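K.L.:
Below you will find the structure I want to go over with you.
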Amino acid sequence: MNAKSVYEAVAHQRWAVGIVLGIGIAVAFMLAVRTAPAYTASSSVLMVPATSNDNSGNPVSTTRPLLSDDLPLLVQTTAVLQRVSQDLGGSLQPDALYHRIRTQVYQNSNVMTIRFFGITPKQAVSGANAVADEVVGQYRTIATSRYDTLAADIKRQLERRQGDLRQLDADLQRATVTYPYAQDAYGSAEGVSVSTRLGQLQGEHDELVAKLSGDTAQASVTSNRKSEALPLARAQAANGDPVYRNLRERYGRDAADLRRDQTEFSSNYPGLAELQDIVGRERAGLEADERNVAGRSFTATQPYADALAEENRALSLVANDRAKLARLDQTIALAKEQLSGSSSARTMISALRRERQSAEAAYQLLSTRLITTLADRAAAASTGSVMVFDHATYAAPSPYTRPVLVTTAVMIVAAWMAITLAIVLEGLARRFRTAVIIERVYGAPVLGVVR
Amino acid sequence: MNRMTNRDSSFQSLRVMLDARLPAPAVLVVSAACDRDGPPTLACGLARAFAEAGRRTVIISLYDLAGGESSSPAVPDELATWGGAVHYAPRGLREMSDVVSDLQSTHDVVLAVAPPVPKDPISLQISRLAHGVLLAVRLGRKITTDDETTVTQLQRVGATLLGVVAMHHEAADLKRRYNVAVGAPPLEAALN
């Protein structure tokens with residue numbers, strides 16, 4: 001079959017060929033519309049090799065350094081594609097982005113070229129720049145991930161330490177409220193400690209005991225003074241009573257007469273016994289009268305009243321001192337009781353304080369570690385070994401993009417199918433191809449052929 | 001001196017073969033089984049060949065008689081200037097018979113270009129009056145029932161099928177190009 005016969009077959013079967021080509025064009029158009037990136041923008045990413053003589057003091061990563069050959073794999077990661085999709089406003093899904101990104105790493109080079117196919121020049125430029133930026137961001141994320149993990153762990157520990165400190169503070173507060181005297185055992189400026197207070201109470205007690213002794217002695221003196229003043233008072237009271245004074249004078253005279261008679265006469269002297277009896281009755285009456293007078297009016301005498309008042313004052317001072325002393329003894333006893341009871345509380349508070357100091361020290365240490373970790377992370381992020389080398393600024397029409405290739409392939413296949421179909425249909429068709437066929441159909445000779 | 005083309009030589013060869021089979025004067029019907037098989041081209045070529053051979057030749061176009069279809073090919077009036085060949089289109093069947101009888105007395109060869117046989121009975125009628133029928137067949141065309149019908153009908157009316165001329169695609173369409181170029185000539189102009 002030569003070209004002419006093929007041409008004739010196509011010409012004869014032009015309707016079938018046209019239908020097949022039309023279907024092919026429609027399919028190619030649909031494919032071109034579905035995947036129609038027509039512009040290409042390029043950006044470049046530079047990977048700086050890690051150097052061993054880094055004297056910056058920054059932490060050196062223990063992970064395997066990223067190689068140039070790894071960058072294309074990094075571009076195709078889901079994380080990068082999702083971030084690029086977000087950067088582009090979600091207009092392109094990650095699976096669609098996968099087919100729009102082409103990467104190329106030149107041999108013996110640390111530069112990776114990123115090509116992005118977009119429907120519009122703006123989309124192509126934005127896509128290329130977004131991919132480059134996200135690749136760098138992803139690399140830095142990988143480089144700083146261990147710091148992030150460490151920082152998160154330290155933050156969790158700090159939160160736990162903060163909870164412990166709050167709990168210890170609450171326990172200390174409760175212990176302070178429960179044992180108000182115990183808190184001063186650690187030099188608190190507020191209040192007075194039990195021991196100090198007990199010492200003060202003991203001092204007050206001693207002073208009060210001394211004062212009580214003095215007052216007691218004073219009371220004894222005043223009591224003696226009152227006793228001494230009693231006979232005088234009685235005498236004054238008796239002297240102030242005329243009955244008593246007459247009775248005493250008569251008793252005096254009779255007693256004097258009796259003592260004279262006794263000295264001058266014997267016991268047999270008549271009337272002596274009677275006189276003795278009279279003197280005895282008068283003495284008894286005088287004593288009774290003296291008791292009555294003393295019990296009745298000797299207190300009204302000035303000396304005795306003064307002595308009595310003085311004695312009362314002394315006794316009241318003594319009673320006051322004794323009362324104070326009793327209260328002080330009670331206070332001392334209570335303080336001693338508190339002092340003996342606060343020893344366990346003091347031990348507990350001391351333990352709580354030690355624990356709190358330990359927790360605070362640990363918290364400070366963790367805070368320092370967190371600051372150091374964050375600083376290290378910032379250093380690692382800022383000194384990333386991958387950076388955007390060249391941003392895309394323009395997009396060029398893409399002549400050999402996938403839709404073009406697909407459209408071309410579809411059209412070629414459609415043309416091939418159309419020609420094949422035309423040849424097949426032509427082979428099946430009954431036509432006047434030769435003079436023999438004409439003679440067989442018409443039953444007449446072919447007189448000539450006009451070309 | 002004009003250079004003879006392959007097509008001209010084909011017509012001349014055909015003319016020689018027909019000269020051997022036809023009396024003088026002769027009436028030859030040129031028709032076909034299907035449209036676009038090229039009877040006008042074949043008739044024009046033959047008329048030119050006969051005229052160049054010194055025969056007084058006339059072409060009768062029966063296409064207008066068949067109904068005046070605007071799409072029907074017509075004989076170009078250029079033949080009127082070629083070697084005495086003339087172009088004539090009769091107005092009706094009676095006139096056609098009369099014209100054919102008259103033309104036989106004045107011309108050596110009368111070529112009647114008729115529409116496809118299965119489509120117009122005038123082709124069969126003129127075929128009965130003619131000395132022979134020459135059918136044009138376009139090479140590469142599909143074989144249809146009209147081909148068998150044409151042969152059968154010609155046999156039934158007693159027409160003499162002289163033979164078939166295979167027309168290549170370009171030759172078969174030649175008349176269409178002529179028609180487009182010059183259009184159908186008026187009858188009076190052809191007669192004059």
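In the structure tokens, the first chain shown is A, the next is B, and so on; residue numbers restart at 1 for each chain, and ligands run from 1 in the order shown.
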Check every residue of chain B for an atom within 6 Å of chain A, counting only C-alpha atoms, and provide those that qualify as a PyMOL selection string.
P.N.:
chain B and resi 7+10+139-143+163-168+171
K.L.:
Could you pull out the residues in region 58-284 of chain A that DSSP calls alpha helix (DSSP H) from the backbone, as a PyMOL selection string?
P.N.:
chain A and resi 71-75+78-87+94-98+121-178+194-239+242-264+272-284
K.L.:
Export C-alpha atoms of the chosen residues as a short mmCIF file (atom, residue, chain, number, x, y, z; two decimals), in the first residue's frame?
P.N.:
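The result, written out as result_3.cif:
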```cif
data_model
loop_
_atom_site.label_atom_id
_atom_site.label_comp_id
_atom_site.auth_asym_id
_atom_site.auth_seq_id
_atom_site.Cartn_x
_atom_site.Cartn_y
_atom_site.Cartn_z
CA LEU A 71 16.17 17.93 48.12
CA PRO A 72 13.92 16.60 45.32
CA LEU A 73 12.56 14.06 47.77
CA LEU A 74 11.92 16.86 50.22
CA VAL A 75 9.95 18.74 47.56
CA THR A 78 3.23 15.67 51.68
CA ALA A 79 4.06 18.34 54.23
CA VAL A 80 5.66 20.58 51.62
CA LEU A 81 2.87 20.01 49.11
CA GLN A 82 0.23 20.79 51.69
CA ARG A 83 1.98 23.99 52.72
CA VAL A 84 2.34 25.04 49.09
CA SER A 85 -1.35 24.33 48.58
CA GLN A 86 -2.14 26.57 51.54
CA ASP A 87 0.18 29.26 50.24
CA PRO A 94 -1.44 18.47 46.88
CA ASP A 95 -1.95 15.59 44.45
CA ALA A 96 -2.37 18.08 41.61
CA LEU A 97 0.70 19.99 42.77
CA TYR A 98 2.72 16.82 42.60
CA PRO A 121 2.03 33.44 34.78
CA LYS A 122 1.10 34.70 38.23
CA GLN A 123 0.23 31.23 39.42
CA ALA A 124 3.45 29.82 38.01
CA VAL A 125 5.57 32.47 39.76
CA SER A 126 3.68 32.13 43.03
CA GLY A 127 3.91 28.36 42.88
CA ALA A 128 7.65 28.31 42.19
CA ASN A 129 8.36 30.74 45.03
CA ALA A 130 6.03 28.93 47.40
CA VAL A 131 7.73 25.62 46.72
CA ALA A 132 11.18 27.13 47.28
CA ASP A 133 10.12 28.83 50.49
CA GLU A 134 8.39 25.77 51.83
CA VAL A 135 11.34 23.54 51.02
CA VAL A 136 13.56 25.84 53.06
CA GLY A 137 10.94 26.00 55.79
CA GLN A 138 10.58 22.24 55.85
CA TYR A 139 14.32 21.82 56.08
CA ARG A 140 14.47 24.23 58.98
CA THR A 141 11.59 22.42 60.58
CA ILE A 142 13.53 19.21 60.33
CA ALA A 143 16.67 20.91 61.63
CA THR A 144 14.85 22.42 64.59
CA SER A 145 12.47 19.59 65.32
CA ARG A 146 14.70 18.07 67.98
CA TYR A 147 14.90 21.43 69.71
CA ASP A 148 11.15 21.71 69.51
CA THR A 149 10.78 18.30 71.06
CA LEU A 150 13.23 19.18 73.82
CA ALA A 151 11.57 22.55 74.43
CA ALA A 152 8.15 20.94 74.61
CA ASP A 153 9.46 18.39 77.09
CA ILE A 154 11.07 21.11 79.21
CA LYS A 155 7.87 23.13 79.11
CA ARG A 156 5.94 20.14 80.32
CA GLN A 157 8.45 19.69 83.14
CA LEU A 158 8.19 23.38 83.98
CA GLU A 159 4.44 23.15 84.15
CA ARG A 160 4.73 20.16 86.43
CA ARG A 161 7.27 22.01 88.58
CA GLN A 162 4.97 25.00 88.73
CA GLY A 163 2.20 22.76 89.96
CA ASP A 164 4.51 21.29 92.57
CA LEU A 165 5.54 24.77 93.71
CA ARG A 166 1.92 25.86 93.95
CA GLN A 167 1.13 22.75 95.95
CA LEU A 168 4.08 23.35 98.28
CA ASP A 169 3.09 26.97 98.74
CA ALA A 170 -0.42 25.89 99.59
CA ASP A 171 0.90 23.31 102.05
CA LEU A 172 3.16 25.91 103.65
CA GLN A 173 0.27 28.34 103.88
CA ARG A 174 -1.90 25.75 105.54
CA ALA A 175 0.93 24.79 107.93
CA THR A 176 1.48 28.44 108.78
CA VAL A 177 -2.17 28.92 109.52
CA THR A 178 -2.31 25.72 111.53
CA VAL A 194 7.39 30.43 121.14
CA SER A 195 10.80 30.10 122.70
CA THR A 196 11.36 33.82 122.80
CA ARG A 197 7.92 34.36 124.16
CA LEU A 198 8.49 31.64 126.71
CA GLY A 199 11.68 33.34 127.76
CA GLN A 200 9.88 36.58 128.08
CA LEU A 201 7.16 34.89 130.06
CA GLN A 202 9.74 33.32 132.31
CA GLY A 203 11.29 36.71 132.86
CA GLU A 204 7.92 38.18 133.63
CA HIS A 205 7.27 35.24 135.90
CA ASP A 206 10.47 35.81 137.80
CA GLU A 207 9.79 39.48 138.10
CA LEU A 208 6.30 38.77 139.26
CA VAL A 209 7.56 36.21 141.79
CA ALA A 210 10.01 38.78 143.10
CA LYS A 211 7.35 41.36 143.28
CA LEU A 212 5.07 38.88 145.01
CA SER A 213 7.79 38.20 147.53
CA GLY A 214 8.23 41.85 148.14
CA ASP A 215 4.54 42.44 148.40
CA THR A 216 4.19 39.45 150.68
CA ALA A 217 6.93 40.77 152.89
CA GLN A 218 5.31 44.19 152.80
CA ALA A 219 2.02 42.55 153.71
CA SER A 220 3.72 40.75 156.58
CA VAL A 221 5.20 43.98 157.82
CA THR A 222 1.93 45.75 157.58
CA SER A 223 0.27 42.82 159.34
CA ASN A 224 2.76 43.03 162.18
CA ARG A 225 2.22 46.72 162.26
CA LYS A 226 -1.45 46.12 162.53
CA SER A 227 -0.87 43.62 165.33
CA GLU A 228 1.32 46.09 167.02
CA ALA A 229 -1.31 48.70 166.64
CA LEU A 230 -4.00 46.42 167.95
CA PRO A 231 -3.24 46.78 171.69
CA LEU A 232 -2.92 50.48 171.33
CA ALA A 233 -6.13 50.55 169.42
CA ARG A 234 -7.78 48.43 172.00
CA ALA A 235 -6.39 50.58 174.70
CA GLN A 236 -7.63 53.66 172.95
CA ALA A 237 -10.95 52.01 172.41
CA ALA A 238 -11.11 50.90 176.03
CA ASN A 239 -9.99 54.24 177.23
CA PRO A 242 -16.32 55.05 180.41
CA VAL A 243 -17.70 51.72 181.69
CA TYR A 244 -14.56 49.93 180.83
CA ARG A 245 -12.47 52.74 182.28
CA ASN A 246 -14.37 52.65 185.59
CA LEU A 247 -14.20 48.91 185.71
CA ARG A 248 -10.47 48.98 185.07
CA GLU A 249 -9.88 51.65 187.70
CA ARG A 250 -11.84 49.74 190.27
CA TYR A 251 -10.08 46.60 189.23
CA GLY A 252 -6.82 48.45 189.63
CA ARG A 253 -7.63 49.66 193.05
CA ASP A 254 -8.93 46.31 194.18
CA ALA A 255 -5.94 44.54 192.71
CA ALA A 256 -3.65 47.03 194.47
CA ASP A 257 -5.46 46.53 197.69
CA LEU A 258 -5.25 42.84 197.24
CA ARG A 259 -1.51 42.89 196.55
CA ARG A 260 -1.02 45.14 199.64
CA ASP A 261 -3.07 42.98 201.86
CA GLN A 262 -1.28 39.92 200.60
CA THR A 263 2.03 41.52 201.30
CA GLU A 264 0.99 42.78 204.67
CA LEU A 272 -8.58 38.61 201.87
CA ALA A 273 -10.34 35.72 200.28
CA GLU A 274 -13.30 37.88 199.60
CA LEU A 275 -11.08 40.47 198.11
CA GLN A 276 -9.38 37.90 195.92
CA ASP A 277 -12.77 36.77 194.72
CA ILE A 278 -13.79 40.32 193.98
CA VAL A 279 -10.58 40.97 192.11
CA GLY A 280 -11.08 37.76 190.18
CA ARG A 281 -14.56 38.71 189.16
CA GLU A 282 -13.49 42.15 188.26
CA ARG A 283 -10.64 40.79 186.11
CA ALA A 284 -13.04 38.43 184.38
#
```
K.L.:
Please, what distance in Å, to one decimal, runs between CA of Val388 (chain A) and CA of Ala38 (chain A)?
P.N.:
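Separating CA of Val388 (chain A) from CA of Ala38 (chain A) is a distance of 24.4 Å.
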K.L.:
For region 110-113 of chain B, work out the shell of residues within 9 Å, counting only C-alpha atoms and skipping chain neighbours fewer than 4 positions away, then give it as a tab-separated table (two decimals) with N, CA and C atoms, in the first residue's frame.
P.N.:
```tsv
chain	number	residue	atom	x	y	z
B	25	PRO	N	-23.30	8.73	-40.68
B	25	PRO	CA	-23.20	9.43	-39.40
B	25	PRO	C	-23.65	8.53	-38.25
B	26	ALA	N	-23.22	8.87	-37.06
B	26	ALA	CA	-23.52	8.05	-35.90
B	26	ALA	C	-24.07	8.91	-34.76
B	27	VAL	N	-24.91	8.29	-34.04
B	27	VAL	CA	-25.45	8.93	-32.82
B	27	VAL	C	-24.94	8.11	-31.62
B	28	LEU	N	-24.22	8.80	-30.75
B	28	LEU	CA	-23.60	8.12	-29.60
B	28	LEU	C	-24.11	8.76	-28.31
B	29	VAL	N	-24.61	7.94	-27.44
B	29	VAL	CA	-25.07	8.43	-26.14
B	29	VAL	C	-23.96	8.20	-25.11
B	30	VAL	N	-23.64	9.25	-24.42
B	30	VAL	CA	-22.64	9.17	-23.33
B	30	VAL	C	-23.39	9.38	-22.01
B	31	SER	N	-23.40	8.37	-21.20
B	31	SER	CA	-24.14	8.45	-19.93
B	31	SER	C	-23.34	7.72	-18.83
B	39	PRO	N	-19.74	11.81	-17.48
B	39	PRO	CA	-20.17	11.77	-18.89
B	39	PRO	C	-19.91	13.07	-19.66
B	40	PRO	N	-20.14	14.25	-19.02
B	40	PRO	CA	-19.82	15.46	-19.80
B	40	PRO	C	-18.35	15.54	-20.19
B	42	LEU	N	-16.34	13.08	-20.59
B	42	LEU	CA	-16.10	12.08	-21.64
B	42	LEU	C	-16.64	12.56	-22.99
B	43	ALA	N	-17.83	13.17	-22.97
B	43	ALA	CA	-18.43	13.65	-24.23
B	43	ALA	C	-17.62	14.79	-24.83
B	44	CYS	N	-17.19	15.68	-23.96
B	44	CYS	CA	-16.40	16.82	-24.45
B	44	CYS	C	-15.09	16.35	-25.06
B	46	LEU	N	-14.43	13.41	-26.28
B	46	LEU	CA	-14.67	12.71	-27.54
B	46	LEU	C	-15.01	13.68	-28.67
B	47	ALA	N	-15.86	14.65	-28.32
B	47	ALA	CA	-16.23	15.63	-29.34
B	47	ALA	C	-15.00	16.35	-29.86
B	56	ARG	N	-17.54	16.21	-38.42
B	56	ARG	CA	-18.47	17.25	-37.99
B	56	ARG	C	-19.21	16.70	-36.77
B	57	THR	N	-19.01	17.36	-35.69
B	57	THR	CA	-19.46	16.81	-34.40
B	57	THR	C	-20.38	17.80	-33.70
B	58	VAL	N	-21.39	17.28	-33.06
B	58	VAL	CA	-22.29	18.10	-32.27
B	58	VAL	C	-22.60	17.37	-30.95
B	59	ILE	N	-22.75	18.16	-29.90
B	59	ILE	CA	-23.10	17.60	-28.58
B	59	ILE	C	-24.51	18.05	-28.22
B	60	ILE	N	-25.30	17.09	-27.85
B	60	ILE	CA	-26.64	17.40	-27.37
B	60	ILE	C	-26.65	17.16	-25.86
B	61	SER	N	-26.91	18.18	-25.14
B	61	SER	CA	-26.96	18.05	-23.68
B	61	SER	C	-28.39	17.79	-23.25
B	62	LEU	N	-28.59	16.68	-22.65
B	62	LEU	CA	-29.93	16.31	-22.19
B	62	LEU	C	-30.13	16.60	-20.70
B	63	TYR	N	-29.14	17.22	-20.12
B	63	TYR	CA	-29.29	17.53	-18.69
B	63	TYR	C	-30.41	18.54	-18.46
B	75	VAL	N	-22.55	21.29	-20.69
B	75	VAL	CA	-21.43	21.23	-21.64
B	75	VAL	C	-20.88	22.63	-21.85
B	100	VAL	N	-32.30	15.20	-33.42
B	100	VAL	CA	-31.33	14.14	-33.69
B	100	VAL	C	-31.36	13.74	-35.17
B	103	LEU	N	-29.80	16.58	-37.15
B	103	LEU	CA	-28.34	16.67	-36.96
B	103	LEU	C	-27.61	15.52	-37.65
B	104	GLN	N	-28.26	14.40	-37.79
B	104	GLN	CA	-27.62	13.28	-38.47
B	104	GLN	C	-27.38	13.60	-39.95
B	123	SER	N	-32.66	9.14	-20.76
B	123	SER	CA	-31.41	8.49	-21.17
B	123	SER	C	-31.70	7.19	-21.92
B	126	ILE	N	-33.22	8.16	-25.48
B	126	ILE	CA	-32.21	8.57	-26.46
B	126	ILE	C	-31.30	7.40	-26.83
B	127	SER	N	-31.17	6.47	-25.83
B	127	SER	CA	-30.32	5.31	-26.11
B	127	SER	C	-30.95	4.42	-27.19
B	130	ALA	N	-30.05	5.88	-30.52
B	130	ALA	CA	-28.62	5.99	-30.83
B	130	ALA	C	-28.06	4.68	-31.38
```
K.L.:
When distances are computed from only C-alpha atoms, which of B:His107, B:Arg48, B:Arg36, B:Arg21 shows the smallest separation from Ser9 (chain B)?
P.N.:
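Going through B:His107, B:Arg48, B:Arg36, B:Arg21 one by one, the smallest distance to Ser9 (chain B) is for B:Arg48.
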K.L.:
Residues at most 9 Å from Thr407 (chain A), counting only C-alpha atoms, excluding those fewer than 5 positions away in the same chain, as a ChimeraX atom specification?
P.N.:
/A:24-25,27-29,31-32,402,412
K.L.:
Report the distance between CA of Ile122 (chain B) and CA of Leu162 (chain B) in Å, rounded to one decimal place.
P.N.:
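Separation of CA of Ile122 (chain B) and CA of Leu162 (chain B): 18.5 Å.
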